[in-house]
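The next block is query.txt, given as compact mmCIF, N, CA and C atoms.
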# COMPACT_ATOMS: atom_id res chain seq x y z
N MET M 1213 91.06 93.69 106.63
CA MET M 1213 92.08 93.31 105.67
C MET M 1213 93.25 92.64 106.38
N LEU M 1214 93.59 93.17 107.54
CA LEU M 1214 94.71 92.59 108.28
C LEU M 1214 94.41 91.15 108.68
N GLU M 1215 93.18 90.89 109.09
CA GLU M 1215 92.80 89.53 109.47
C GLU M 1215 92.89 88.58 108.28
N ILE M 1216 92.47 89.04 107.11
CA ILE M 1216 92.57 88.21 105.91
C ILE M 1216 94.03 87.93 105.58
N ALA M 1217 94.87 88.97 105.66
CA ALA M 1217 96.30 88.77 105.40
C ALA M 1217 96.91 87.80 106.40
N GLU M 1218 96.52 87.90 107.67
CA GLU M 1218 97.03 86.97 108.68
C GLU M 1218 96.59 85.54 108.40
N GLN M 1219 95.36 85.37 107.95
CA GLN M 1219 94.88 84.03 107.62
C GLN M 1219 95.63 83.45 106.42
N ILE M 1220 95.89 84.29 105.44
CA ILE M 1220 96.67 83.83 104.27
C ILE M 1220 98.07 83.44 104.72
N HIS M 1221 98.69 84.27 105.56
CA HIS M 1221 100.04 83.97 106.05
C HIS M 1221 100.05 82.69 106.88
N TYR M 1222 99.01 82.48 107.68
CA TYR M 1222 98.90 81.26 108.50
C TYR M 1222 98.82 80.03 107.61
N ASN M 1223 98.04 80.11 106.54
CA ASN M 1223 97.85 78.97 105.65
C ASN M 1223 98.95 78.81 104.61
N ILE M 1224 99.61 79.91 104.26
CA ILE M 1224 100.72 79.87 103.30
C ILE M 1224 101.89 80.62 103.93
N PRO M 1225 102.63 79.98 104.83
CA PRO M 1225 103.70 80.69 105.56
C PRO M 1225 104.81 81.22 104.67
N ALA M 1226 104.92 80.74 103.44
CA ALA M 1226 105.97 81.22 102.53
C ALA M 1226 105.72 82.66 102.10
N LEU M 1227 104.49 83.13 102.26
CA LEU M 1227 104.17 84.53 101.91
C LEU M 1227 104.41 85.41 103.13
N PRO M 1228 105.45 86.25 103.10
CA PRO M 1228 105.75 87.10 104.25
C PRO M 1228 104.69 88.18 104.46
N ASP M 1229 104.63 88.66 105.70
CA ASP M 1229 103.67 89.73 106.03
C ASP M 1229 103.90 90.98 105.17
N SER M 1230 105.16 91.29 104.90
CA SER M 1230 105.45 92.48 104.10
C SER M 1230 104.85 92.37 102.70
N PHE M 1231 104.93 91.20 102.10
CA PHE M 1231 104.36 90.99 100.77
C PHE M 1231 102.83 91.08 100.83
N LEU M 1232 102.24 90.49 101.84
CA LEU M 1232 100.78 90.56 101.97
C LEU M 1232 100.32 91.99 102.24
N GLY M 1233 101.16 92.77 102.92
CA GLY M 1233 100.82 94.16 103.18
C GLY M 1233 100.75 94.99 101.92
N ILE M 1234 101.71 94.76 100.99
CA ILE M 1234 101.71 95.57 99.76
C ILE M 1234 100.76 95.04 98.70
N THR M 1235 100.17 93.88 98.95
CA THR M 1235 99.23 93.34 97.98
C THR M 1235 97.82 93.32 98.57
N VAL M 1236 97.54 92.36 99.41
CA VAL M 1236 96.18 92.16 99.93
C VAL M 1236 95.70 93.39 100.70
N CYS M 1237 96.46 93.83 101.68
CA CYS M 1237 96.03 94.97 102.51
C CYS M 1237 95.95 96.26 101.71
N ALA M 1238 96.96 96.52 100.90
CA ALA M 1238 96.98 97.77 100.13
C ALA M 1238 95.82 97.82 99.13
N ILE M 1239 95.61 96.74 98.42
CA ILE M 1239 94.53 96.72 97.43
C ILE M 1239 93.17 96.76 98.13
N GLY M 1240 93.04 96.02 99.22
CA GLY M 1240 91.77 95.97 99.94
C GLY M 1240 91.37 97.31 100.53
N THR M 1241 92.35 98.06 101.04
CA THR M 1241 92.01 99.36 101.62
C THR M 1241 91.87 100.45 100.56
N SER M 1242 92.50 100.28 99.42
CA SER M 1242 92.42 101.30 98.36
C SER M 1242 91.23 101.10 97.44
N PHE M 1243 90.67 99.92 97.40
CA PHE M 1243 89.59 99.63 96.46
C PHE M 1243 88.38 100.58 96.63
N PRO M 1244 87.90 100.82 97.86
CA PRO M 1244 86.76 101.76 98.00
C PRO M 1244 87.08 103.16 97.46
N ASN M 1245 88.32 103.63 97.70
CA ASN M 1245 88.70 104.95 97.18
C ASN M 1245 88.76 104.95 95.66
N ALA M 1246 89.22 103.85 95.09
CA ALA M 1246 89.28 103.75 93.63
C ALA M 1246 87.87 103.81 93.05
N VAL M 1247 86.94 103.09 93.66
CA VAL M 1247 85.55 103.11 93.18
C VAL M 1247 84.97 104.52 93.29
N ALA M 1248 85.21 105.18 94.43
CA ALA M 1248 84.71 106.55 94.61
C ALA M 1248 85.31 107.48 93.56
N SER M 1249 86.59 107.34 93.26
CA SER M 1249 87.22 108.19 92.25
C SER M 1249 86.64 107.91 90.87
N ILE M 1250 86.38 106.67 90.56
CA ILE M 1250 85.77 106.32 89.26
C ILE M 1250 84.39 106.96 89.15
N LEU M 1251 83.60 106.86 90.21
CA LEU M 1251 82.25 107.45 90.19
C LEU M 1251 82.32 108.97 90.01
N MET M 1252 83.25 109.62 90.69
CA MET M 1252 83.39 111.07 90.54
C MET M 1252 83.85 111.44 89.14
N ALA M 1253 84.76 110.66 88.57
CA ALA M 1253 85.22 110.93 87.22
C ALA M 1253 84.07 110.76 86.23
N GLN M 1254 83.21 109.76 86.44
CA GLN M 1254 82.07 109.54 85.55
C GLN M 1254 81.05 110.67 85.67
N GLN M 1255 81.03 111.35 86.81
CA GLN M 1255 80.13 112.48 87.02
C GLN M 1255 80.77 113.79 86.55
N ASN M 1256 81.86 113.67 85.79
CA ASN M 1256 82.59 114.83 85.27
C ASN M 1256 83.11 115.73 86.39
N LYS M 1257 83.67 115.09 87.43
CA LYS M 1257 84.28 115.81 88.55
C LYS M 1257 85.73 115.32 88.71
N PRO M 1258 86.56 115.60 87.71
CA PRO M 1258 87.93 115.06 87.76
C PRO M 1258 88.75 115.59 88.93
N ALA M 1259 88.56 116.85 89.29
CA ALA M 1259 89.33 117.40 90.42
C ALA M 1259 88.97 116.67 91.71
N ALA M 1260 87.68 116.37 91.89
CA ALA M 1260 87.26 115.64 93.08
C ALA M 1260 87.82 114.22 93.08
N ALA M 1261 87.87 113.59 91.91
CA ALA M 1261 88.41 112.24 91.81
C ALA M 1261 89.88 112.21 92.19
N ILE M 1262 90.64 113.18 91.68
CA ILE M 1262 92.07 113.24 91.99
C ILE M 1262 92.28 113.61 93.45
N ALA M 1263 91.51 114.55 93.96
CA ALA M 1263 91.63 114.95 95.36
C ALA M 1263 91.29 113.80 96.29
N ASN M 1264 90.31 112.99 95.92
CA ASN M 1264 89.95 111.82 96.73
C ASN M 1264 91.12 110.85 96.80
N ALA M 1265 91.74 110.58 95.68
CA ALA M 1265 92.86 109.64 95.65
C ALA M 1265 94.05 110.17 96.45
N LEU M 1266 94.41 111.43 96.21
CA LEU M 1266 95.54 112.01 96.93
C LEU M 1266 95.23 112.19 98.41
N GLY M 1267 94.02 112.65 98.70
CA GLY M 1267 93.64 112.87 100.10
C GLY M 1267 93.61 111.59 100.91
N SER M 1268 93.13 110.52 100.32
CA SER M 1268 93.09 109.26 101.06
C SER M 1268 94.49 108.74 101.35
N ASN M 1269 95.41 108.95 100.42
CA ASN M 1269 96.79 108.51 100.64
C ASN M 1269 97.49 109.38 101.68
N VAL M 1270 97.25 110.67 101.63
CA VAL M 1270 97.82 111.56 102.64
C VAL M 1270 97.27 111.18 104.02
N GLN M 1271 95.98 110.92 104.09
CA GLN M 1271 95.36 110.51 105.34
C GLN M 1271 95.96 109.20 105.84
N ASN M 1272 96.22 108.26 104.95
CA ASN M 1272 96.83 107.00 105.36
C ASN M 1272 98.21 107.21 105.96
N VAL M 1273 99.01 108.06 105.34
CA VAL M 1273 100.38 108.28 105.81
C VAL M 1273 100.38 109.06 107.12
N PHE M 1274 99.62 110.15 107.18
CA PHE M 1274 99.72 111.04 108.34
C PHE M 1274 98.80 110.67 109.49
N LEU M 1275 97.76 109.92 109.25
CA LEU M 1275 96.86 109.57 110.35
C LEU M 1275 96.90 108.08 110.65
N ALA M 1276 96.63 107.26 109.65
CA ALA M 1276 96.56 105.82 109.89
C ALA M 1276 97.90 105.23 110.31
N MET M 1277 99.00 105.81 109.83
CA MET M 1277 100.31 105.32 110.25
C MET M 1277 100.80 106.03 111.51
N ALA M 1278 100.58 107.33 111.58
CA ALA M 1278 101.15 108.11 112.68
C ALA M 1278 100.40 107.92 113.99
N LEU M 1279 99.09 107.89 113.96
CA LEU M 1279 98.31 107.83 115.20
C LEU M 1279 98.63 106.59 116.04
N PRO M 1280 98.68 105.40 115.45
CA PRO M 1280 99.04 104.24 116.28
C PRO M 1280 100.44 104.37 116.91
N TRP M 1281 101.39 104.96 116.18
CA TRP M 1281 102.74 105.14 116.72
C TRP M 1281 102.72 106.14 117.88
N VAL M 1282 101.93 107.20 117.77
CA VAL M 1282 101.84 108.17 118.86
C VAL M 1282 101.21 107.52 120.09
N ILE M 1283 100.13 106.78 119.89
CA ILE M 1283 99.47 106.11 121.02
C ILE M 1283 100.42 105.12 121.69
N PHE M 1284 101.12 104.33 120.89
CA PHE M 1284 102.09 103.38 121.44
C PHE M 1284 103.18 104.13 122.20
N GLY M 1285 103.66 105.21 121.62
CA GLY M 1285 104.69 106.00 122.27
C GLY M 1285 104.23 106.56 123.61
N MET M 1286 102.99 107.05 123.67
CA MET M 1286 102.46 107.57 124.93
C MET M 1286 102.42 106.48 126.00
N GLN M 1287 102.11 105.27 125.60
CA GLN M 1287 102.02 104.16 126.55
C GLN M 1287 103.40 103.68 127.02
N HIS M 1288 104.44 104.03 126.26
CA HIS M 1288 105.79 103.56 126.59
C HIS M 1288 106.77 104.72 126.77
N ASP M 1289 106.30 105.83 127.31
CA ASP M 1289 107.13 107.00 127.62
C ASP M 1289 107.94 107.50 126.42
N TYR M 1290 107.42 107.36 125.25
CA TYR M 1290 108.03 107.85 124.01
C TYR M 1290 109.45 107.33 123.78
N LYS M 1291 109.70 106.11 124.25
CA LYS M 1291 110.99 105.49 123.98
C LYS M 1291 111.02 105.08 122.50
N PRO M 1292 112.21 105.03 121.91
CA PRO M 1292 112.29 104.62 120.50
C PRO M 1292 111.69 103.23 120.28
N ILE M 1293 111.04 103.08 119.16
CA ILE M 1293 110.41 101.80 118.82
C ILE M 1293 111.28 101.13 117.77
N ASN M 1294 111.95 100.07 118.15
CA ASN M 1294 112.81 99.34 117.21
C ASN M 1294 111.95 98.56 116.23
N GLN M 1295 112.24 98.74 114.96
CA GLN M 1295 111.48 98.08 113.90
C GLN M 1295 112.43 97.52 112.86
N ASN M 1296 112.00 96.44 112.24
CA ASN M 1296 112.73 95.93 111.08
C ASN M 1296 112.20 96.71 109.88
N VAL M 1297 112.96 97.67 109.43
CA VAL M 1297 112.50 98.55 108.36
C VAL M 1297 113.25 98.30 107.05
N ALA M 1298 113.66 97.06 106.84
CA ALA M 1298 114.36 96.73 105.60
C ALA M 1298 113.45 97.07 104.42
N GLY M 1299 113.98 97.80 103.48
CA GLY M 1299 113.22 98.15 102.29
C GLY M 1299 112.41 99.42 102.40
N ILE M 1300 112.41 100.07 103.56
CA ILE M 1300 111.57 101.26 103.73
C ILE M 1300 112.02 102.40 102.83
N THR M 1301 113.33 102.56 102.68
CA THR M 1301 113.84 103.65 101.84
C THR M 1301 113.37 103.47 100.41
N GLU M 1302 113.45 102.27 99.92
CA GLU M 1302 113.00 101.99 98.56
C GLU M 1302 111.51 102.28 98.40
N GLY M 1303 110.72 101.89 99.40
CA GLY M 1303 109.28 102.15 99.36
C GLY M 1303 108.97 103.63 99.33
N VAL M 1304 109.73 104.40 100.11
CA VAL M 1304 109.53 105.86 100.13
C VAL M 1304 109.86 106.45 98.76
N PHE M 1305 110.93 105.97 98.14
CA PHE M 1305 111.27 106.47 96.80
C PHE M 1305 110.20 106.11 95.78
N TRP M 1306 109.63 104.91 95.88
CA TRP M 1306 108.53 104.55 94.98
C TRP M 1306 107.35 105.50 95.19
N MET M 1307 107.02 105.79 96.45
CA MET M 1307 105.91 106.71 96.74
C MET M 1307 106.19 108.10 96.19
N MET M 1308 107.40 108.61 96.43
CA MET M 1308 107.75 109.95 95.94
C MET M 1308 107.72 109.99 94.41
N GLY M 1309 108.26 108.97 93.77
CA GLY M 1309 108.27 108.93 92.32
C GLY M 1309 106.86 108.90 91.74
N THR M 1310 105.99 108.13 92.36
CA THR M 1310 104.61 108.05 91.89
C THR M 1310 103.90 109.38 92.08
N LEU M 1311 104.12 110.02 93.23
CA LEU M 1311 103.51 111.32 93.48
C LEU M 1311 103.98 112.36 92.46
N ILE M 1312 105.27 112.38 92.19
CA ILE M 1312 105.82 113.32 91.19
C ILE M 1312 105.20 113.04 89.82
N LEU M 1313 105.05 111.77 89.48
CA LEU M 1313 104.44 111.40 88.20
C LEU M 1313 102.99 111.86 88.12
N VAL M 1314 102.22 111.68 89.19
CA VAL M 1314 100.83 112.12 89.20
C VAL M 1314 100.75 113.64 89.08
N ILE M 1315 101.58 114.34 89.84
CA ILE M 1315 101.58 115.82 89.76
C ILE M 1315 101.94 116.27 88.35
N PHE M 1316 102.92 115.64 87.75
CA PHE M 1316 103.32 115.97 86.38
C PHE M 1316 102.15 115.75 85.43
N PHE M 1317 101.48 114.59 85.54
CA PHE M 1317 100.35 114.30 84.66
C PHE M 1317 99.22 115.32 84.85
N VAL M 1318 98.92 115.67 86.09
CA VAL M 1318 97.81 116.58 86.36
C VAL M 1318 98.11 117.99 85.87
N LEU M 1319 99.34 118.45 86.08
CA LEU M 1319 99.68 119.83 85.72
C LEU M 1319 100.06 119.99 84.26
N MET M 1320 100.44 118.92 83.60
CA MET M 1320 100.92 119.00 82.22
C MET M 1320 99.91 119.61 81.26
N PRO M 1321 98.67 119.13 81.22
CA PRO M 1321 97.75 119.71 80.25
C PRO M 1321 97.21 121.08 80.63
N GLY M 1322 97.49 121.55 81.83
CA GLY M 1322 96.99 122.85 82.24
C GLY M 1322 95.64 122.78 82.92
N THR M 1323 95.04 121.60 82.93
CA THR M 1323 93.78 121.41 83.65
C THR M 1323 93.96 120.24 84.61
N CYS M 1324 93.10 120.16 85.56
CA CYS M 1324 93.20 119.11 86.58
C CYS M 1324 92.55 117.83 86.06
N THR M 1325 93.24 117.16 85.12
CA THR M 1325 92.69 115.93 84.55
C THR M 1325 93.79 114.88 84.41
N LEU M 1326 93.36 113.66 84.39
CA LEU M 1326 94.22 112.53 84.06
C LEU M 1326 93.60 111.84 82.86
N THR M 1327 94.41 111.49 81.89
CA THR M 1327 93.89 110.82 80.70
C THR M 1327 93.96 109.31 80.87
N LYS M 1328 93.34 108.62 79.93
CA LYS M 1328 93.40 107.16 79.93
C LYS M 1328 94.85 106.69 79.83
N CYS M 1329 95.62 107.37 79.00
CA CYS M 1329 97.04 107.03 78.84
C CYS M 1329 97.80 107.22 80.15
N ASN M 1330 97.50 108.32 80.88
CA ASN M 1330 98.13 108.54 82.18
C ASN M 1330 97.79 107.40 83.13
N GLY M 1331 96.54 106.99 83.13
CA GLY M 1331 96.11 105.89 83.99
C GLY M 1331 96.83 104.60 83.65
N LEU M 1332 97.00 104.33 82.36
CA LEU M 1332 97.72 103.12 81.96
C LEU M 1332 99.18 103.17 82.39
N VAL M 1333 99.78 104.35 82.30
CA VAL M 1333 101.18 104.50 82.76
C VAL M 1333 101.26 104.24 84.26
N LEU M 1334 100.33 104.82 85.03
CA LEU M 1334 100.34 104.62 86.48
C LEU M 1334 100.10 103.15 86.84
N MET M 1335 99.22 102.48 86.11
CA MET M 1335 99.00 101.05 86.36
C MET M 1335 100.25 100.24 86.02
N ALA M 1336 100.95 100.62 84.95
CA ALA M 1336 102.20 99.93 84.58
C ALA M 1336 103.26 100.15 85.65
N VAL M 1337 103.34 101.36 86.21
CA VAL M 1337 104.30 101.63 87.29
C VAL M 1337 103.96 100.78 88.51
N TYR M 1338 102.67 100.66 88.83
CA TYR M 1338 102.27 99.84 89.97
C TYR M 1338 102.63 98.37 89.73
N LEU M 1339 102.40 97.90 88.53
CA LEU M 1339 102.75 96.51 88.19
C LEU M 1339 104.27 96.31 88.32
N LEU M 1340 105.03 97.27 87.84
CA LEU M 1340 106.49 97.21 87.97
C LEU M 1340 106.89 97.18 89.44
N TYR M 1341 106.24 98.01 90.25
CA TYR M 1341 106.50 98.02 91.69
C TYR M 1341 106.21 96.65 92.31
N LEU M 1342 105.07 96.06 91.96
CA LEU M 1342 104.73 94.74 92.50
C LEU M 1342 105.74 93.67 92.08
N VAL M 1343 106.14 93.70 90.82
CA VAL M 1343 107.12 92.72 90.33
C VAL M 1343 108.45 92.92 91.04
N GLN M 1344 108.92 94.17 91.11
CA GLN M 1344 110.20 94.47 91.76
C GLN M 1344 110.18 94.05 93.23
N THR M 1345 109.14 94.43 93.94
CA THR M 1345 109.05 94.12 95.36
C THR M 1345 108.87 92.62 95.59
N SER M 1346 108.11 91.98 94.74
CA SER M 1346 107.94 90.53 94.86
C SER M 1346 109.27 89.81 94.65
N GLY M 1347 110.01 90.24 93.64
CA GLY M 1347 111.32 89.64 93.37
C GLY M 1347 112.26 89.79 94.55
N GLU M 1348 112.24 90.95 95.18
CA GLU M 1348 113.08 91.18 96.35
C GLU M 1348 112.61 90.34 97.53
N THR M 1349 111.29 90.30 97.73
CA THR M 1349 110.72 89.57 98.86
C THR M 1349 111.04 88.08 98.79
N PHE M 1350 110.94 87.52 97.60
CA PHE M 1350 111.14 86.08 97.45
C PHE M 1350 112.57 85.72 97.06
N GLY M 1351 113.47 86.72 97.06
CA GLY M 1351 114.88 86.46 96.83
C GLY M 1351 115.24 86.16 95.39
N TRP M 1352 114.42 86.58 94.44
CA TRP M 1352 114.72 86.35 93.03
C TRP M 1352 115.83 87.27 92.56
N TRP M 1353 115.95 88.45 93.18
CA TRP M 1353 117.03 89.39 92.89
C TRP M 1353 117.27 90.26 94.13
N PRO M 1354 118.43 90.89 94.20
CA PRO M 1354 118.74 91.70 95.38
C PRO M 1354 117.95 93.01 95.37
N PRO M 1355 117.79 93.63 96.55
CA PRO M 1355 117.08 94.91 96.63
C PRO M 1355 117.80 95.98 95.80
N LEU M 1356 117.00 96.91 95.26
CA LEU M 1356 117.58 98.03 94.52
C LEU M 1356 118.37 98.94 95.46
N MET M 1357 117.88 99.08 96.69
CA MET M 1357 118.53 99.96 97.66
C MET M 1357 118.71 99.17 98.96
N LYS M 1358 119.76 99.55 99.70
CA LYS M 1358 119.96 98.90 101.00
C LYS M 1358 119.86 99.88 102.11

In structure tokens, how does this file's structure come out?
Amino acid sequence: MLEIAEQIHYNIPALPDSFLGITVCAIGTSFPNAVASILMAQQNKPAAAIANALGSNVQNVFLAMALPWVIFGMQHDYKPINQNVAGITEGVFWMMGTLILVIFFVLMPGTCTLTKCNGLVLMAVYLLYLVQTSGETFGWWPPLMK
């Protein structure tokens, strides 16, 4: 996915890496998990479908993001790694808000299920996130948080 995003950025330099990360890379890496969750839901295993989605995201945050930083740190005597983290706070709030929404949806009916309506709400939130982040990335409006 990263190679595809790099090729897109090379051919369309107006698309920043951050935008390609939240679109091409995010969708490309999440698609297999989405298919697996759909298959589990069709097999009447809603708890497994939800656990797959949550587990893959937890794994992405705690392993796929953390492990490369630990390895890099070991190679550089654990010195601080300076990064351009503009927008990170806003992204964390989007993640927390989405997680709270999913937990609310799952616990609300008293069973471990998500309804079609819940799915549509989550898709609308994702679309809102893409529009908001795209607008910030391309300078259509200022960031919600600084």

If we count only C-alpha atoms and set the cut-off at 9 Å, which residues sit around M:Val1236, ignoring sequence neighbours fewer than 6 positions away in its own chain? Please answer as a list in words.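 Answer for this query is Met1213, Leu1214, Ile1216 and Ala1217 of chain M.
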
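Summary of the local environment: counting only N, CA and C atoms, residues at most 8 Å from stretch 1308-1320 of chain M, other than itself and those fewer than 6 positions away along its chain, are Glu1302, Leu1326, Thr1327, Asn1330, Leu1334 and Val1337 of chain M.
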
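Between atom CA of M:Ala1261 and atom C of M:Ala1248 lies a distance of 5.9 Å.
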
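Each of M:Trp1352, M:Met1252, M:Glu1218, M:Gly1285 was checked against M:Ser1230 using only C-alpha atoms; the smallest atom-to-atom distance is that of M:Glu1218.
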
Mind dumping a table of every stretch 1231-1298 of chain M residue within 9 Å of stretch 1342-1351 of chain M, with the nearest atom pair and its distance in Å to one decimal, using only C-alpha atoms, sorted by chain and rising number, as a Markdown table?
| residue | atom | partner | partner_atom | distance |
| --- | --- | --- | --- | --- |
| M:Phe1231 | CA | M:Thr1349 | CA | 6.8 |
| M:Ile1234 | CA | M:Leu1342 | CA | 7.9 |
| M:Thr1235 | CA | M:Leu1342 | CA | 7.9 |

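Interatomic distance, atom CA of M:Ile1224 against atom CA of M:Leu1339: 22.6 Å.
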
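Take atom CA of M:Leu1340 and atom CA of M:Pro1354: the distance between them is 15.3 Å.
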
For M:Ala1265: contacts at 7 Å, all atoms listed in the file, fewer than 3 positions along chain excluded, given as a list in words: Asn1245, Ala1246, Ser1249, Ala1260, Ala1261, Ile1262, Ser1268, Asn1269 and Val1270 of chain M

So that I can check the secondary structure, give me every residue of chain M assigned alpha helix (DSSP H) by backbone DSSP, as a ChimeraX atom specification. /M:1214-1223,1229-1232,1238-1254,1258-1271,1278-1287,1300-1319,1328-1349
